[in-house]
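Asks: Below is one structure. I have some questions about it.
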Amino acid sequence: MLLIRNIQTIFQIEEGAPRTRVSGAAMRELPALHDAFLLVKNGTIADFGPMAQCPDAPGAMVEDAAGRMLLPCWCDSHTHLVFAASRESEFVARIEGLSYEEIARRGGGILNSALRLRDTPEEALVESAWERLQEVQRSGTGAIEIKSGYGLSVEGELKMLRVIRALRKRTKMPVKATFLGAHALPAEYKQNREGYLRLIEQEMLPQIAAEGLADYIDAFCEKNFFSPAETARLIEAGARYGLKAKIHTNQFNSLGGIEVCVERGAVSVDHLEVLTDEEIECLRHSNTLPVLLPSAPFFLNDHYPPARRMLDAGLPVVLATDFNPGSSPSGKMPFVISLACIKLRMTPEEAVNAATLNGAAAMEIADTHGSIARGKAANFFLTKPMSSLAYLPYAFGSDVVDRVWIAGAAQQPNKKN
């Protein structure tokens with residue numbers, strides 16, 4: 001049992017019927033309780049309230065928050081956290097003028113990561129990914145989705161998904177696995193697109209399903225990658241094996257991917273740097289969540305998604321890191337919060353809603369994570385002393401997360417600056 005006393009403010013509390021997502025204008029509201037306590041029992045939130053009603057809780061471990069703020073852990077619904085090596089040479093190539101697409105055509109990008117992954121033992125991938133998982137946890141992440149997609153072969157994709165399974169066994173935070181075999185066309189299938197699609201459908205998916213390795217299916221719906229028709233085919237193939245869709249689309253072009261995803265009940269569409277009014281309207285009449293990844297256009301020096309148009313249209317915007325070695329080599333959600341405020345013109349409250357409860361919704365775990373509610377998992381963090389919520393995105397270069405709890409257990413604290 002854990003009792004945290006003297007919390008300056010608890011944010012994202014649920015007093016009544018729990019919400020499963022927050023949309024549009026409601027995202028400007030972030031329910032809060034000042035001068036509060038929080039009680040944890042058996043890994044879940046047992047109670048919270050004003051300090052005037054703080055229980056004695058004999059036998060509890062007592063933590064004095066000393067005026068710090070408490071928030072639910074970030075729910076990062078889009079990452080590529082498992083990879084074999086960094087790609088800083090491509091970073092330099094972009095500085096020298098090459099585009100992301102040009103680097104990919106020259107054998108870099110996703111194909112570069114795939115080549116390195118094939119030569120890396122599964123055990124080494126587990127250890128490097130575990131280090132990254134601990135790193136993002138220290139920044140406040142308490143639930144995460146991880147994609148495959150750097151295997152691009154039966155053996156490689158299965159290896160990646162088994163690594164994700166190994167991570168899931170090591171941690172108490174929720175880890176969702178997404179099969180992204182359609183991340184790029186392997187070099188050996190350059191002249192045989194149909195052959196690779198059949199490989200996904202007839203060999204990869206049956207083995208993934210037999211081992212229970214994935215929760216979702218994904219595809220990179222973009223020029224020079226996979227078309228909307230191919231994406232639709234893959235969504236339907238995944239559905240036959242019980243995998244719902246979470247699809248990369250509209251990163252560089254608007255091709256009709258959003259309509260395809262909405263028609264087939266995708267859980268989310270991710271990136272959306274390019275978005276038409278018609279596509280916003282399509283999303284507005286669906287349950288498909290729009291996931292924005294602002295650190296990708298930041299790193300690629302590209303334009304940002306139109307978050308304000310989406311919010312003004314009433315959409316339930318989600319934020320995630322897109323942690324990957326090529327276009328977003330960072331899993332720090334606080335930096336994503338800052339970018340959302342600075343570049344996407346979201347308010348701090350909107351950004352926190354997008355990174356907590358809506359992030360949980362994009363992993364279908366909003367009933368247990370993403371807010372401070374009685375009976376929900378005790379995944380939360382204390383900030384360092386700060387005067388207001390706005391300080392979190394304002395201090396974009398500081399480590400504002402002080403201590404993190406996962407399932408009620410304190411994790412390794414952040415090092416002091």
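By convention in this document, the chains of the structure tokens carry letters A, B, ... by their order, each chain's residues are numbered from 1, and ligands are numbered from 1 in the order they are shown.
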I'd like the contact shell of A:Gly370 - 7 Å cut-off, only C-alpha atoms, skipping same-chain residues fewer than 4 positions apart - returned as a PDB file with N, CA and C atoms, in the first residue's frame.

Replies:
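Resulting contents of around26.pdb:
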```
ATOM      1  N   PRO A  72      -1.257  11.159 -14.668  1.00  0.00           N
ATOM      2  CA  PRO A  72      -1.193   9.766 -15.146  1.00  0.00           C
ATOM      3  C   PRO A  72      -0.050   9.631 -16.128  1.00  0.00           C
ATOM      4  N   CYS A  73       0.523   8.458 -16.212  1.00  0.00           N
ATOM      5  CA  CYS A  73       1.612   8.237 -17.164  1.00  0.00           C
ATOM      6  C   CYS A  73       1.141   8.472 -18.600  1.00  0.00           C
ATOM      7  N   CYS A  75       0.626   7.677 -22.433  1.00  0.00           N
ATOM      8  CA  CYS A  75       0.261   6.464 -23.169  1.00  0.00           C
ATOM      9  C   CYS A  75       0.691   6.669 -24.615  1.00  0.00           C
ATOM     10  N   THR A 356      -2.502  11.289 -22.816  1.00  0.00           N
ATOM     11  CA  THR A 356      -2.862  10.393 -21.706  1.00  0.00           C
ATOM     12  C   THR A 356      -4.119   9.605 -22.056  1.00  0.00           C
ATOM     13  N   LEU A 357      -5.284  10.164 -21.827  1.00  0.00           N
ATOM     14  CA  LEU A 357      -6.515   9.407 -22.036  1.00  0.00           C
ATOM     15  C   LEU A 357      -6.728   9.040 -23.499  1.00  0.00           C
ATOM     16  N   ALA A 360      -4.363   6.323 -24.483  1.00  0.00           N
ATOM     17  CA  ALA A 360      -4.870   5.036 -24.001  1.00  0.00           C
ATOM     18  C   ALA A 360      -5.976   4.515 -24.915  1.00  0.00           C
ATOM     19  N   ALA A 366      -8.236   2.476 -22.409  1.00  0.00           N
ATOM     20  CA  ALA A 366      -8.712   3.633 -21.659  1.00  0.00           C
ATOM     21  C   ALA A 366      -9.532   3.244 -20.435  1.00  0.00           C
TER      22      ALA A 366
END
```

Asks: Please identify which residues in stretch 131-212 of chain A DSSP calls helix (DSSP H, G or I) from the backbone, and express them as a ChimeraX atom specification.

Replies: /A:131-138,154-170,187-189,193-211

Asks: Which distance in Å separates atom CA of A:Ile146 and atom CA of A:Ile372, to one decimal?

Replies: 24.0 Å

Asks: Leaving out stretch 210-222 of chain A and any residue of its chain fewer than 4 positions from it, which residues lie within 6 Å of it when counting only C-alpha atoms, given as a PyMOL selection string?

Replies: chain A and resi 161+177-180+182-183+226-227+238+243-249

Asks: Please report as a tab-separated table every residue of stretch 4-108 of chain A lying within 12 Å of stretch 277-296 of chain A, along with the nearest atom pair and their distance in Å (one decimal), using only C-alpha atoms.

Replies:
```
residue	atom	partner	partner_atom	distance
A:Thr20	CA	A:Asn287	CA	11.6
A:Arg21	CA	A:Leu289	CA	9.5
A:Val22	CA	A:Leu289	CA	10.7
A:Ser23	CA	A:Leu289	CA	10.0
A:Gly24	CA	A:Arg284	CA	10.1
A:Cys75	CA	A:Val291	CA	11.9
A:Asp76	CA	A:Val291	CA	10.1
A:Ser77	CA	A:Val291	CA	8.1
A:His78	CA	A:Val291	CA	8.2
A:Thr79	CA	A:Leu293	CA	9.8
A:Tyr100	CA	A:Ala296	CA	11.1
```

Asks: Separation of atom CA of A:Thr9 and atom CA of A:Lys332, in Å?

Replies: 22.4 Å

Asks: Write out as a VMD selection string the residues lying within 9 Å of A:Met204, counting only C-alpha atoms and excluding same-chain residues fewer than 2 positions away.

Replies: chain A and resid 153 to 155 157 to 158 181 199 to 202 206 to 209

Asks: May I ask which of the residues A:Val175, A:Cys341, A:Cys54, A:Val336 is the closest one to A:Ala143, counting only C-alpha atoms?

Replies: A:Val175

Asks: Determine the nearest neighbour of A:Trp74 from the options A:Arg138, A:Arg94, A:Arg116, A:Arg240, counting only C-alpha atoms.

Replies: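 Nearest candidate to A:Trp74 out of A:Arg138, A:Arg94, A:Arg116, A:Arg240: A:Arg138.
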
Asks: Of the candidates A:Pro348, A:Pro50, A:Gly142, A:Pro121, which one gets nearest to A:Asn379 if we count only C-alpha atoms?

Replies: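 Result for the nearest residue to A:Asn379: A:Gly142.
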